>>> print(open('my_file_24.cif').read())   # mmCIF, C-alpha atoms
data_upload
loop_
_atom_site.label_atom_id
_atom_site.label_comp_id
_atom_site.auth_asym_id
_atom_site.auth_seq_id
_atom_site.Cartn_x
_atom_site.Cartn_y
_atom_site.Cartn_z
CA MET A 11 289.30 -37.64 90.69
CA PHE A 12 286.70 -36.00 92.92
CA MET A 13 283.55 -34.22 91.75
CA LEU A 14 284.05 -30.74 93.19
CA PRO A 15 282.46 -28.22 93.07
CA ALA A 16 278.66 -28.36 92.68
CA PRO A 17 276.30 -25.67 91.38
CA ALA A 18 274.91 -23.47 94.14
CA ASP A 19 271.40 -24.90 93.80
CA ARG A 20 272.15 -28.58 93.07
CA ILE A 21 273.51 -31.69 94.79
CA LEU A 22 275.50 -34.06 92.57
CA ALA A 23 275.82 -37.76 93.31
CA ARG A 24 277.73 -40.33 91.28
CA TYR A 25 276.79 -44.02 91.40
CA ARG A 26 277.91 -47.35 90.04
CA ILE A 27 274.85 -49.33 88.88
CA GLU A 28 274.32 -52.89 87.63
CA THR A 29 271.07 -53.98 85.96
CA ALA A 30 269.57 -56.49 83.54
CA LEU A 31 266.98 -53.94 82.39
CA PRO A 32 267.43 -50.99 80.01
CA VAL A 33 269.99 -48.76 81.70
CA GLU A 34 268.36 -45.40 81.00
CA GLN A 35 265.04 -46.67 82.34
CA VAL A 36 266.66 -47.86 85.56
CA VAL A 37 268.61 -44.66 86.17
CA GLU A 38 265.44 -42.68 85.54
CA THR A 39 263.62 -44.88 88.06
CA ILE A 40 266.29 -44.15 90.67
CA ALA A 41 266.09 -40.42 89.93
CA GLY A 42 262.32 -40.46 90.37
CA GLU A 43 262.30 -42.66 93.48
CA GLN A 44 264.77 -40.38 95.23
CA SER A 45 263.03 -37.12 94.35
CA SER A 46 259.42 -36.41 93.35
CA GLY A 47 258.22 -39.78 92.05
CA THR A 48 257.30 -43.31 93.03
CA PHE A 49 256.66 -46.54 91.13
CA LEU A 50 253.31 -45.26 89.75
CA PRO A 51 252.14 -41.84 88.54
CA VAL A 52 250.53 -40.00 91.42
CA PRO A 53 248.17 -37.04 91.52
CA GLY A 54 250.03 -33.81 92.12
CA GLU A 55 253.23 -34.77 90.30
CA THR A 56 252.59 -32.24 87.58
CA ASP A 57 255.00 -31.36 84.80
CA GLU A 58 255.73 -28.11 86.63
CA LEU A 59 256.52 -29.96 89.88
CA LYS A 60 258.73 -32.48 88.08
CA ALA A 61 260.62 -29.72 86.33
CA ARG A 62 261.26 -28.08 89.70
CA ALA A 63 261.81 -31.03 92.04
CA ARG A 64 262.69 -34.16 90.08
CA ALA A 65 266.30 -35.37 90.01
CA ARG A 66 268.04 -35.10 86.65
CA ILE A 67 270.37 -37.51 84.89
CA ILE A 68 273.62 -35.71 84.10
CA GLU A 69 275.60 -38.53 82.50
CA ILE A 70 275.73 -42.28 82.06
CA THR A 71 279.08 -43.95 81.33
CA PRO A 72 279.03 -47.62 80.25
CA LEU A 73 281.30 -50.12 82.01
CA GLU A 74 281.78 -53.85 81.41
CA SER A 75 278.85 -56.28 81.54
CA ALA A 76 278.51 -59.37 83.72
CA ALA A 77 276.90 -62.76 83.18
CA ALA A 78 275.61 -63.08 86.74
CA PRO A 79 274.06 -60.59 89.17
CA SER A 80 276.17 -59.14 91.98
CA LEU A 81 273.18 -58.97 94.34
CA PRO A 82 270.08 -61.19 94.55
CA GLY A 83 266.51 -60.13 93.92
CA GLY A 84 266.87 -58.04 90.77
CA ARG A 85 264.33 -58.08 87.96
CA VAL A 86 265.16 -59.46 84.54
CA PRO A 87 263.53 -58.77 81.16
CA LYS A 88 260.18 -60.54 80.75
CA SER A 89 260.87 -61.76 77.21
CA GLY A 90 263.11 -64.61 78.38
CA ALA A 91 264.89 -64.66 75.04
CA GLY A 92 268.52 -65.72 75.41
CA PRO A 93 270.87 -65.40 78.38
CA VAL A 94 270.51 -62.40 80.68
CA SER A 95 273.31 -59.81 80.58
CA TYR A 96 273.88 -57.50 83.52
CA ARG A 97 274.95 -54.09 82.29
CA ARG A 98 277.14 -51.92 84.46
CA VAL A 99 277.44 -48.13 84.33
CA GLU A 100 278.56 -45.12 86.28
CA CYS A 101 275.99 -42.37 86.35
CA THR A 102 275.67 -38.90 87.86
CA LEU A 103 272.38 -37.55 89.19
CA SER A 104 271.60 -33.96 90.10
CA PHE A 105 269.14 -33.27 92.93
CA PRO A 106 267.66 -29.84 93.63
CA LEU A 107 269.01 -28.37 96.86
CA ALA A 108 265.47 -27.11 97.49
CA ASN A 109 264.30 -30.72 97.95
CA VAL A 110 266.59 -31.19 100.92
CA GLY A 111 267.97 -27.93 102.20
CA PRO A 112 271.34 -28.00 103.98
CA ASN A 113 270.26 -30.95 106.12
CA LEU A 114 272.73 -33.84 106.46
CA PRO A 115 270.27 -36.50 107.72
CA THR A 116 267.85 -35.75 104.87
CA LEU A 117 270.71 -35.61 102.40
CA LEU A 118 271.61 -39.13 103.50
CA ALA A 119 268.03 -40.29 102.92
CA THR A 120 268.17 -38.75 99.44
CA VAL A 121 271.50 -39.95 98.06
CA CYS A 122 271.68 -43.36 99.79
CA GLY A 123 268.18 -44.24 100.91
CA ASN A 124 265.48 -46.32 99.22
CA LEU A 125 267.40 -46.55 95.96
CA TYR A 126 269.24 -49.52 97.48
CA GLU A 127 265.93 -51.37 97.80
CA LEU A 128 264.89 -51.10 94.16
CA ALA A 129 264.45 -54.40 92.29
CA GLU A 130 265.37 -52.73 89.02
CA HIS A 131 269.07 -53.10 89.77
CA THR A 132 271.41 -55.81 91.08
CA GLY A 133 274.03 -53.38 92.31
CA CYS A 134 274.13 -49.77 93.47
CA LYS A 135 277.01 -47.94 95.11
CA LEU A 136 277.36 -44.23 95.87
CA LEU A 137 280.83 -43.25 94.69
CA ASP A 138 281.12 -39.52 95.29
CA LEU A 139 279.24 -36.35 96.15
CA ALA A 140 279.51 -32.69 95.25
CA LEU A 141 277.61 -30.43 97.63
CA PRO A 142 276.70 -26.75 97.28
CA PRO A 143 278.05 -24.07 99.65
CA ALA A 144 274.80 -23.96 101.62
CA PHE A 145 275.97 -27.05 103.52
CA SER A 146 279.12 -25.28 104.62
CA ASP A 147 277.06 -22.28 105.72
CA ARG A 148 275.07 -24.50 108.10
CA TYR A 149 277.73 -27.04 109.12
CA PRO A 150 281.06 -25.45 110.11
CA GLY A 151 283.06 -28.66 109.63
CA PRO A 152 286.29 -29.43 111.50
CA GLN A 153 287.05 -27.02 114.33
CA PHE A 154 290.74 -27.91 114.71
CA GLY A 155 291.78 -30.09 111.78
CA VAL A 156 295.45 -30.50 110.96
CA ALA A 157 296.73 -27.12 112.13
CA GLY A 158 294.84 -27.11 115.42
CA THR A 159 295.88 -30.65 116.25
CA ARG A 160 299.52 -29.85 115.52
CA ARG A 161 299.28 -26.80 117.76
CA LEU A 162 297.85 -28.80 120.66
CA THR A 163 300.34 -31.65 120.33
CA GLY A 164 303.35 -29.45 119.54
CA VAL A 165 304.30 -31.78 116.66
CA THR A 166 305.55 -30.23 113.43
CA GLY A 167 307.31 -31.55 110.35
CA ARG A 168 306.46 -35.22 110.88
CA PRO A 169 303.46 -37.46 111.50
CA ILE A 170 301.76 -37.39 114.88
CA LEU A 171 302.68 -40.79 116.32
CA GLY A 172 300.38 -42.58 118.69
CA THR A 173 298.84 -45.75 119.98
CA ILE A 174 295.66 -47.31 121.29
CA VAL A 175 295.28 -48.48 124.88
CA LYS A 176 295.58 -52.26 124.86
CA PRO A 177 294.16 -54.57 126.17
CA SER A 178 291.06 -53.10 124.50
CA VAL A 179 288.91 -53.65 127.59
CA GLY A 180 289.58 -54.82 131.11
CA LEU A 181 292.16 -52.35 132.41
CA SER A 182 291.23 -50.30 135.45
CA PRO A 183 291.68 -46.51 135.44
CA ALA A 184 294.88 -46.90 137.49
CA GLN A 185 296.28 -49.52 135.11
CA THR A 186 295.46 -47.32 132.12
CA ALA A 187 297.20 -44.38 133.76
CA GLU A 188 300.36 -46.42 134.39
CA LEU A 189 300.48 -47.45 130.74
CA VAL A 190 300.03 -43.81 129.76
CA ARG A 191 302.91 -42.85 132.05
CA SER A 192 305.26 -45.33 130.38
CA LEU A 193 304.31 -44.17 126.88
CA GLY A 194 304.40 -40.51 127.81
CA GLU A 195 307.87 -40.79 129.30
CA ALA A 196 309.02 -42.42 126.04
CA GLY A 197 307.82 -39.36 124.13
CA ILE A 198 304.55 -40.43 122.50
CA ASP A 199 302.41 -37.73 120.89
CA PHE A 200 298.93 -39.22 121.04
CA ILE A 201 297.04 -42.00 122.84
CA LYS A 202 293.43 -42.99 122.42
CA ASP A 203 290.90 -45.23 124.07
CA ASP A 204 289.86 -48.28 122.08
CA GLU A 205 286.49 -47.95 120.35
CA LEU A 206 285.18 -50.69 122.67
CA MET A 207 286.02 -48.61 125.75
CA ALA A 208 283.68 -45.76 126.61
CA ASP A 209 282.06 -45.60 130.07
CA PRO A 210 282.02 -49.21 131.30
CA PRO A 211 281.54 -50.32 134.93
CA HIS A 212 285.14 -51.55 135.25
CA SER A 213 286.55 -48.19 134.10
CA PRO A 214 284.04 -45.34 134.43
CA LEU A 215 285.01 -42.51 132.14
CA ALA A 216 285.14 -39.89 134.89
CA GLU A 217 287.55 -42.04 136.91
CA ARG A 218 289.65 -42.83 133.84
CA VAL A 219 289.87 -39.16 132.91
CA ALA A 220 290.96 -38.22 136.44
CA ALA A 221 293.65 -40.92 136.60
CA VAL A 222 295.04 -40.34 133.11
CA MET A 223 295.04 -36.55 133.33
CA ARG A 224 296.96 -36.61 136.63
CA VAL A 225 299.70 -38.48 134.80
CA LEU A 226 299.58 -36.23 131.74
CA ARG A 227 299.72 -33.04 133.82
CA ASP A 228 302.72 -34.39 135.71
CA LEU A 229 304.47 -35.28 132.46
CA ALA A 230 303.67 -31.86 131.01
CA ASP A 231 305.14 -30.14 134.07
CA ARG A 232 308.36 -32.11 133.60
CA THR A 233 308.67 -32.07 129.80
CA GLY A 234 306.89 -28.90 128.71
CA ARG A 235 304.52 -30.74 126.32
CA GLN A 236 301.22 -32.46 126.90
CA VAL A 237 300.38 -35.77 125.29
CA MET A 238 297.03 -35.66 123.48
CA TYR A 239 294.70 -38.34 124.83
CA ALA A 240 291.42 -39.02 122.96
CA PHE A 241 288.89 -40.15 125.55
CA ASN A 242 286.09 -42.21 124.02
CA ILE A 243 282.90 -40.37 124.92
CA THR A 244 280.57 -42.34 122.60
CA ASP A 245 277.15 -42.35 124.25
CA GLU A 246 273.73 -40.72 124.09
CA VAL A 247 273.97 -37.04 123.14
CA ASP A 248 273.35 -35.62 126.60
CA ALA A 249 275.88 -38.05 128.08
CA MET A 250 278.44 -37.09 125.43
CA TYR A 251 278.05 -33.48 126.50
CA ARG A 252 278.74 -34.43 130.13
CA HIS A 253 281.71 -36.61 129.18
CA HIS A 254 283.16 -33.84 127.00
CA ASP A 255 282.86 -31.36 129.85
CA THR A 256 284.59 -33.79 132.20
CA VAL A 257 287.54 -34.07 129.80
CA LEU A 258 287.67 -30.32 129.25
CA ALA A 259 287.56 -29.51 132.97
CA ALA A 260 290.43 -31.93 133.63
CA GLY A 261 292.62 -30.21 131.03
CA GLY A 262 292.20 -32.84 128.30
CA THR A 263 292.77 -31.91 124.69
CA CYS A 264 290.72 -34.43 122.65
CA VAL A 265 287.56 -36.51 122.65
CA MET A 266 286.69 -39.49 120.49
CA ALA A 267 283.40 -40.71 119.08
CA SER A 268 282.45 -43.83 117.16
CA ILE A 269 280.73 -41.89 114.41
CA HIS A 270 278.46 -44.63 113.07
CA SER A 271 277.25 -45.30 116.59
CA VAL A 272 276.28 -41.69 117.31
CA GLY A 273 275.13 -40.83 113.76
CA LEU A 274 275.37 -37.65 111.75
CA ALA A 275 272.94 -35.74 113.95
CA GLY A 276 274.71 -36.86 117.12
CA LEU A 277 278.11 -35.88 115.76
CA ALA A 278 276.85 -32.50 114.56
CA ALA A 279 275.38 -31.85 118.01
CA LEU A 280 278.68 -32.79 119.65
CA ARG A 281 280.54 -30.47 117.27
CA ARG A 282 278.32 -27.55 118.28
CA HIS A 283 279.03 -28.25 121.95
CA SER A 284 282.69 -29.18 121.74
CA ALA A 285 285.68 -27.02 122.64
CA LEU A 286 288.05 -29.91 121.82
CA PRO A 287 289.13 -31.78 118.68
CA ILE A 288 286.86 -34.69 117.76
CA HIS A 289 288.65 -37.90 116.87
CA GLY A 290 286.30 -39.76 114.50
CA HIS A 291 286.54 -43.54 114.65
CA ARG A 292 284.92 -45.19 111.64
CA ASN A 293 284.37 -48.69 113.12
CA GLY A 294 281.61 -50.33 111.10
CA TRP A 295 282.61 -48.70 107.82
CA GLY A 296 283.04 -52.10 106.16
CA LEU A 297 279.28 -52.57 106.46
CA TYR A 298 278.81 -49.64 104.09
CA CYS A 299 281.66 -50.14 101.65
CA ARG A 300 283.08 -53.65 101.50
CA HIS A 301 280.85 -54.99 98.71
CA PRO A 302 281.89 -53.46 95.35
CA TRP A 303 278.26 -53.19 94.20
CA LEU A 304 276.55 -52.02 97.37
CA GLY A 305 276.98 -49.18 99.83
CA VAL A 306 279.07 -46.01 99.85
CA GLU A 307 282.65 -45.33 98.78
CA PHE A 308 284.92 -43.36 101.10
CA PRO A 309 285.15 -40.16 98.96
CA ALA A 310 281.40 -39.64 99.40
CA TRP A 311 281.16 -40.94 102.95
CA GLN A 312 283.93 -38.83 104.44
CA GLN A 313 282.37 -35.57 103.22
CA LEU A 314 279.34 -36.13 105.44
CA TRP A 315 281.41 -36.70 108.57
CA ARG A 316 283.75 -33.79 107.90
CA LEU A 317 280.79 -31.46 107.50
CA ALA A 318 279.32 -32.86 110.71
CA GLY A 319 282.52 -31.89 112.51
CA VAL A 320 285.24 -34.56 112.77
CA ASP A 321 288.80 -33.24 113.05
CA HIS A 322 290.54 -36.63 112.72
CA LEU A 323 289.18 -39.43 110.55
CA HIS A 324 290.36 -43.03 110.37
CA VAL A 325 291.44 -44.22 106.91
CA ASN A 326 292.88 -47.69 107.66
CA GLY A 327 296.56 -48.20 106.76
CA LEU A 328 298.85 -49.70 104.15
CA GLN A 329 299.39 -53.44 104.42
CA ASN A 330 296.62 -53.44 107.02
CA LYS A 331 295.10 -56.31 108.96
CA PHE A 332 291.72 -55.85 107.30
CA TRP A 333 290.43 -56.45 103.75
CA GLU A 334 291.12 -53.03 102.21
CA PRO A 335 293.74 -52.76 99.43
CA ASP A 336 296.47 -50.13 99.61
CA ASP A 337 295.14 -48.15 96.62
CA SER A 338 291.86 -47.61 98.46
CA VAL A 339 293.68 -46.42 101.59
CA VAL A 340 295.75 -43.94 99.59
CA ARG A 341 292.58 -42.64 97.93
CA SER A 342 291.01 -42.19 101.37
CA ILE A 343 294.01 -40.18 102.59
CA GLU A 344 293.73 -37.94 99.54
CA ALA A 345 289.98 -37.51 100.07
CA CYS A 346 290.45 -36.30 103.67
CA ARG A 347 293.10 -33.83 102.50
CA THR A 348 290.98 -32.42 99.64
CA PRO A 349 289.22 -29.20 100.73
CA LEU A 350 285.45 -29.14 100.40
CA PHE A 351 284.71 -25.43 100.67
CA ARG A 352 287.68 -23.82 102.45
CA PRO A 353 291.40 -24.61 102.62
CA ASP A 354 291.09 -25.40 106.34
CA ASP A 355 288.10 -27.77 106.24
CA THR A 356 290.24 -30.84 105.68
CA ALA A 357 290.46 -33.63 108.26
CA LEU A 358 293.62 -35.17 109.64
CA PRO A 359 293.89 -38.72 108.20
CA VAL A 360 294.37 -41.31 110.94
CA ILE A 361 296.38 -44.31 109.74
CA SER A 362 295.67 -47.35 111.86
CA SER A 363 295.10 -51.13 111.60
CA GLY A 364 297.99 -53.50 112.00
CA GLN A 365 300.55 -50.72 111.69
CA TRP A 366 304.19 -50.85 112.81
CA GLY A 367 307.36 -49.19 111.57
CA GLY A 368 307.62 -51.43 108.54
CA GLN A 369 304.88 -49.57 106.65
CA ALA A 370 306.37 -46.10 107.26
CA PRO A 371 308.50 -45.81 104.06
CA GLU A 372 305.70 -46.88 101.71
CA THR A 373 303.14 -44.76 103.56
CA TYR A 374 305.35 -41.71 103.26
CA ARG A 375 306.04 -42.40 99.58
CA ARG A 376 302.42 -42.95 98.58
CA ALA A 377 300.71 -40.39 100.81
CA GLY A 378 303.17 -37.67 99.83
CA THR A 379 302.71 -35.88 103.15
CA THR A 380 303.51 -36.04 106.85
CA ASP A 381 300.19 -34.41 107.75
CA LEU A 382 299.07 -37.73 109.18
CA MET A 383 298.31 -39.36 112.49
CA TYR A 384 299.99 -42.77 112.55
CA LEU A 385 298.72 -45.18 115.20
CA ALA A 386 300.31 -48.50 116.08
CA GLY A 387 298.54 -50.66 118.65
CA GLY A 388 300.24 -54.03 118.78
CA GLY A 389 303.15 -52.55 116.82
CA ILE A 390 304.02 -50.57 119.96
CA MET A 391 302.40 -52.51 122.77
CA ALA A 392 303.71 -55.95 121.66
CA HIS A 393 307.29 -54.86 120.99
CA PRO A 394 309.65 -57.50 122.42
CA LEU A 395 311.49 -54.86 124.48
CA GLY A 396 308.29 -53.27 125.81
CA PRO A 397 305.91 -50.45 124.78
CA ALA A 398 308.47 -47.65 125.29
CA ALA A 399 310.90 -49.40 122.94
CA GLY A 400 308.02 -49.97 120.52
CA LEU A 401 307.41 -46.25 120.38
CA ARG A 402 311.09 -45.47 119.84
CA ALA A 403 311.19 -48.03 117.03
CA LEU A 404 308.23 -46.31 115.36
CA GLN A 405 309.91 -42.92 115.68
CA GLN A 406 313.11 -44.36 114.20
CA ALA A 407 311.22 -45.91 111.28
CA TRP A 408 309.54 -42.63 110.36
CA GLN A 409 312.80 -40.72 110.65
CA ALA A 410 314.43 -43.22 108.31
CA ALA A 411 311.54 -42.87 105.86
CA ALA A 412 311.84 -39.07 105.86
CA ASP A 413 315.63 -39.29 105.43
CA GLY A 414 315.37 -41.78 102.56
CA VAL A 415 317.29 -44.41 104.53
CA SER A 416 316.21 -48.07 104.37
CA LEU A 417 314.88 -49.55 107.57
CA GLU A 418 317.56 -52.22 107.46
CA ASP A 419 320.32 -49.62 107.35
CA ALA A 420 318.71 -47.56 110.12
CA ALA A 421 318.30 -50.66 112.28
CA ARG A 422 322.07 -51.17 112.43
CA SER A 423 322.37 -48.25 114.83
CA HIS A 424 318.93 -48.51 116.49
CA PRO A 425 318.34 -51.65 118.58
CA GLU A 426 314.63 -50.85 119.04
CA LEU A 427 314.05 -50.72 115.28
CA ARG A 428 316.15 -53.82 114.80
CA ALA A 429 313.99 -55.69 117.30
CA THR A 430 310.85 -54.48 115.51
CA LEU A 431 312.08 -55.78 112.16
CA GLU A 432 312.97 -59.11 113.73
CA ALA A 433 309.64 -59.42 115.52
CA PHE A 434 307.19 -58.10 112.92
CA GLY A 435 309.06 -58.18 109.61
CA ALA A 436 308.01 -61.71 108.71
CA ARG A 437 304.36 -60.72 109.11
CA SER A 438 304.59 -58.29 106.18
CA ARG A 439 306.24 -60.72 103.77
#
>>> encode(input="my_file_24.cif", output="structure tokens")
Amino acid sequence: MFMLPAPADRILARYRIETALPVEQVVETIAGEQSSGTFLPVPGETDELKARARARIIEITPLESAAAPSLPGGRVPKSGAGPVSYRRVECTLSFPLANVGPNLPTLLATVCGNLYELAEHTGCKLLDLALPPAFSDRYPGPQFGVAGTRRLTGVTGRPILGTIVKPSVGLSPAQTAELVRSLGEAGIDFIKDDELMADPPHSPLAERVAAVMRVLRDLADRTGRQVMYAFNITDEVDAMYRHHDTVLAAGGTCVMASIHSVGLAGLAALRRHSALPIHGHRNGWGLYCRHPWLGVEFPAWQQLWRLAGVDHLHVNGLQNKFWEPDDSVVRSIEACRTPLFRPDDTALPVISSGQWGGQAPETYRRAGTTDLMYLAGGGIMAHPLGPAAGLRALQQAWQAAADGVSLEDAARSHPELRATLEAFGARSR
């Protein structure tokens, strides 16, 4: 399914292309544009230089054709004879590592840069990457991953269950802390700030950290386990350093960043500084992937962020509230769990988006693992018996899934789960 591994001196990139022009000509144009060439021959691009630095076509696999273009602005044959057919292919290009070096921002410019602007095609999507070991030598990847997160949360043998602070914005630090107390006393494993909450005037991060960590330390003293709270430290790089240090000094065990907002270089800088797991929120990913003939597919995209240092990576969820089909979500879970260079450089898949206990059995069946973080926002916070009952219902649903018991049967002896099915069950039908 995935294109691993790559030769030590090459970068492989697979694309899906649509064009009305001769396919081989178009793929060759892309290869040239993204390596040594441009739209006209230029002095200095000698045969020797092209042999050393030009991208190579590895394979072209025909797909179906289309009668209409997927994207506007593409060129058509000049002859004008007969209707235009838009050919579709998958192709693999090989770029010399020496063109880029182990440099994630420049890699991004190479494999998904100006090729999207070319008029020769009416569709271009990066599907997958295979990177040489030099990238792993420079970028250490996840620092904690699955094993480190399980150690810090004390959760083994089941998914790490959590929620998002709701309302998304507007709560004061004291109100947030009281919500955390209720959830912590119910036994939650993980809580995170919403991606819209970072360091706003109504809840400055330093004050929120102080209020929440007082509650979590008190709970830990009484229960012997500390809830992991991912504080959203998304900001300028120097501010992220300060925010991270505030969390660390208060005894926190996780920070969160909106990875598209801070960028690859910002995330890599945070990874070098961080002594805590980095919870990577992918808000904005639909901009890159939602169109089938434009952007970047998750198997390629997630490699960049794992190398840059995320420990947890959002993958959406089954039967989610967004556009993404279940097959795509399952593929994303598998991608995060597929090692790149070492067995421990995987990321913990974070299942979120309209989740409640009803998706637990199918998630468990299709993912084939409990090495997951499973977050329910409204599915916990909007439970008719309150957030604590919402958490217990989620725990009961996952226990039923692991035991092979239907949710309906489990609900007979669990009033919290029964209330969940009554409140949310109609939404999934």
>>> residues_around(input="my_file_24.cif", residues="region 217-225 of chain A", least_positions_apart="6", cutoff="8 Å", atoms="only C-alpha atoms", output="list in words")
Ser182, Pro183, Ala184, Thr186, Ala187, Glu188, Val190, Arg191, Phe241, Thr256, Val257, Ala260, Gly261 and Gly262 of chain A
>>> resolve_selection(input="my_file_24.cif", expression="the PyMOL selection byres ((chain A and resi 76) around 9)", output="PyMOL selection string")
chain A and resi 28+74-75+77-80+95-98
>>> residues_around(input="my_file_24.cif", residues="region 198-205 of chain A", least_positions_apart="5", cutoff="8 Å", atoms="all atoms listed in the file", output="compact mmCIF listing (two decimals) with C-alpha atoms, in the frame of the given file")
# COMPACT_ATOMS: atom_id res chain seq x y z
CA THR A 163 300.34 -31.65 120.33
CA VAL A 165 304.30 -31.78 116.66
CA ILE A 170 301.76 -37.39 114.88
CA LEU A 171 302.68 -40.79 116.32
CA GLY A 172 300.38 -42.58 118.69
CA THR A 173 298.84 -45.75 119.98
CA ILE A 174 295.66 -47.31 121.29
CA VAL A 175 295.28 -48.48 124.88
CA LYS A 176 295.58 -52.26 124.86
CA SER A 178 291.06 -53.10 124.50
CA VAL A 179 288.91 -53.65 127.59
CA VAL A 190 300.03 -43.81 129.76
CA LEU A 193 304.31 -44.17 126.88
CA VAL A 237 300.38 -35.77 125.29
CA MET A 238 297.03 -35.66 123.48
CA TYR A 239 294.70 -38.34 124.83
CA ALA A 240 291.42 -39.02 122.96
CA PHE A 241 288.89 -40.15 125.55
CA ASN A 242 286.09 -42.21 124.02
CA MET A 266 286.69 -39.49 120.49
CA ALA A 267 283.40 -40.71 119.08
CA SER A 268 282.45 -43.83 117.16
CA HIS A 291 286.54 -43.54 114.65
CA ASN A 293 284.37 -48.69 113.12
CA LEU A 401 307.41 -46.25 120.38
>>> residues_around(input="my_file_24.cif", residues="Phe105 (chain A)", least_positions_apart="3", cutoff="6 Å", atoms="only C-alpha atoms", output="PDB file with C-alpha atoms, in the coordinates of the input")
ATOM      1  CA  ARG A  20     272.150 -28.580  93.070  1.00  0.00           C
ATOM      2  CA  ILE A  21     273.510 -31.690  94.790  1.00  0.00           C
ATOM      3  CA  ALA A  65     266.300 -35.370  90.010  1.00  0.00           C
TER       4      ALA A  65
END
>>> atom_distance(input="my_file_24.cif", atom1="CA of Arg428 (chain A)", atom2="CA of Gln406 (chain A)")
10.0 Å
>>> resolve_selection(input="my_file_24.cif", expression="the PyMOL selection byres ((chain A and resi 380-383) around 7)", output="PDB file with C-alpha atoms, keeping the file's coordinate frame")
ATOM      1  CA  VAL A 156     295.450 -30.500 110.960  1.00  0.00           C
ATOM      2  CA  GLY A 167     307.310 -31.550 110.350  1.00  0.00           C
ATOM      3  CA  ARG A 168     306.460 -35.220 110.880  1.00  0.00           C
ATOM      4  CA  PRO A 169     303.460 -37.460 111.500  1.00  0.00           C
ATOM      5  CA  ILE A 170     301.760 -37.390 114.880  1.00  0.00           C
ATOM      6  CA  LEU A 171     302.680 -40.790 116.320  1.00  0.00           C
ATOM      7  CA  LEU A 358     293.620 -35.170 109.640  1.00  0.00           C
ATOM      8  CA  PRO A 359     293.890 -38.720 108.200  1.00  0.00           C
ATOM      9  CA  VAL A 360     294.370 -41.310 110.940  1.00  0.00           C
ATOM     10  CA  ILE A 361     296.380 -44.310 109.740  1.00  0.00           C
ATOM     11  CA  TYR A 374     305.350 -41.710 103.260  1.00  0.00           C
ATOM     12  CA  THR A 379     302.710 -35.880 103.150  1.00  0.00           C
ATOM     13  CA  TYR A 384     299.990 -42.770 112.550  1.00  0.00           C
ATOM     14  CA  LEU A 385     298.720 -45.180 115.200  1.00  0.00           C
TER      15      LEU A 385
END
>>> closest_residue(input="my_file_24.cif", among="A:Leu427, A:Ile243, A:Ala144, A:Val272", to="Gly389 (chain A)", atoms="only C-alpha atoms")
A:Leu427
>>> residues_around(input="my_file_24.cif", residues="Ala16 (chain A)", least_positions_apart="4", cutoff="10 Å", atoms="only C-alpha atoms", output="PyMOL selection string")
chain A and resi 20-23+104+139-143
>>> write_last_selection(input="my_file_24.cif", atoms="C-alpha atoms", output="PDB file, keeping the file's coordinate frame")
ATOM      1  CA  ARG A  20     272.150 -28.580  93.070  1.00  0.00           C
ATOM      2  CA  ILE A  21     273.510 -31.690  94.790  1.00  0.00           C
ATOM      3  CA  LEU A  22     275.500 -34.060  92.570  1.00  0.00           C
ATOM      4  CA  ALA A  23     275.820 -37.760  93.310  1.00  0.00           C
ATOM      5  CA  SER A 104     271.600 -33.960  90.100  1.00  0.00           C
ATOM      6  CA  LEU A 139     279.240 -36.350  96.150  1.00  0.00           C
ATOM      7  CA  ALA A 140     279.510 -32.690  95.250  1.00  0.00           C
ATOM      8  CA  LEU A 141     277.610 -30.430  97.630  1.00  0.00           C
ATOM      9  CA  PRO A 142     276.700 -26.750  97.280  1.00  0.00           C
ATOM     10  CA  PRO A 143     278.050 -24.070  99.650  1.00  0.00           C
TER      11      PRO A 143
END
>>> resolve_selection(input="my_file_24.cif", expression="the PyMOL selection byres ((chain A and resi 138) around 12)", output="CSV table (one decimal) with C-alpha atoms, in the frame of the given file")
chain,number,residue,atom,x,y,z
A,11,MET,CA,289.3,-37.6,90.7
A,12,PHE,CA,286.7,-36.0,92.9
A,13,MET,CA,283.6,-34.2,91.8
A,14,LEU,CA,284.0,-30.7,93.2
A,15,PRO,CA,282.5,-28.2,93.1
A,16,ALA,CA,278.7,-28.4,92.7
A,21,ILE,CA,273.5,-31.7,94.8
A,22,LEU,CA,275.5,-34.1,92.6
A,23,ALA,CA,275.8,-37.8,93.3
A,24,ARG,CA,277.7,-40.3,91.3
A,25,TYR,CA,276.8,-44.0,91.4
A,26,ARG,CA,277.9,-47.4,90.0
A,100,GLU,CA,278.6,-45.1,86.3
A,101,CYS,CA,276.0,-42.4,86.4
A,102,THR,CA,275.7,-38.9,87.9
A,103,LEU,CA,272.4,-37.6,89.2
A,121,VAL,CA,271.5,-40.0,98.1
A,122,CYS,CA,271.7,-43.4,99.8
A,135,LYS,CA,277.0,-47.9,95.1
A,136,LEU,CA,277.4,-44.2,95.9
A,137,LEU,CA,280.8,-43.2,94.7
A,139,LEU,CA,279.2,-36.4,96.2
A,140,ALA,CA,279.5,-32.7,95.2
A,141,LEU,CA,277.6,-30.4,97.6
A,305,GLY,CA,277.0,-49.2,99.8
A,306,VAL,CA,279.1,-46.0,99.8
A,307,GLU,CA,282.6,-45.3,98.8
A,308,PHE,CA,284.9,-43.4,101.1
A,309,PRO,CA,285.2,-40.2,99.0
A,310,ALA,CA,281.4,-39.6,99.4
A,311,TRP,CA,281.2,-40.9,103.0
A,312,GLN,CA,283.9,-38.8,104.4
A,313,GLN,CA,282.4,-35.6,103.2
A,314,LEU,CA,279.3,-36.1,105.4
A,342,SER,CA,291.0,-42.2,101.4
A,345,ALA,CA,290.0,-37.5,100.1
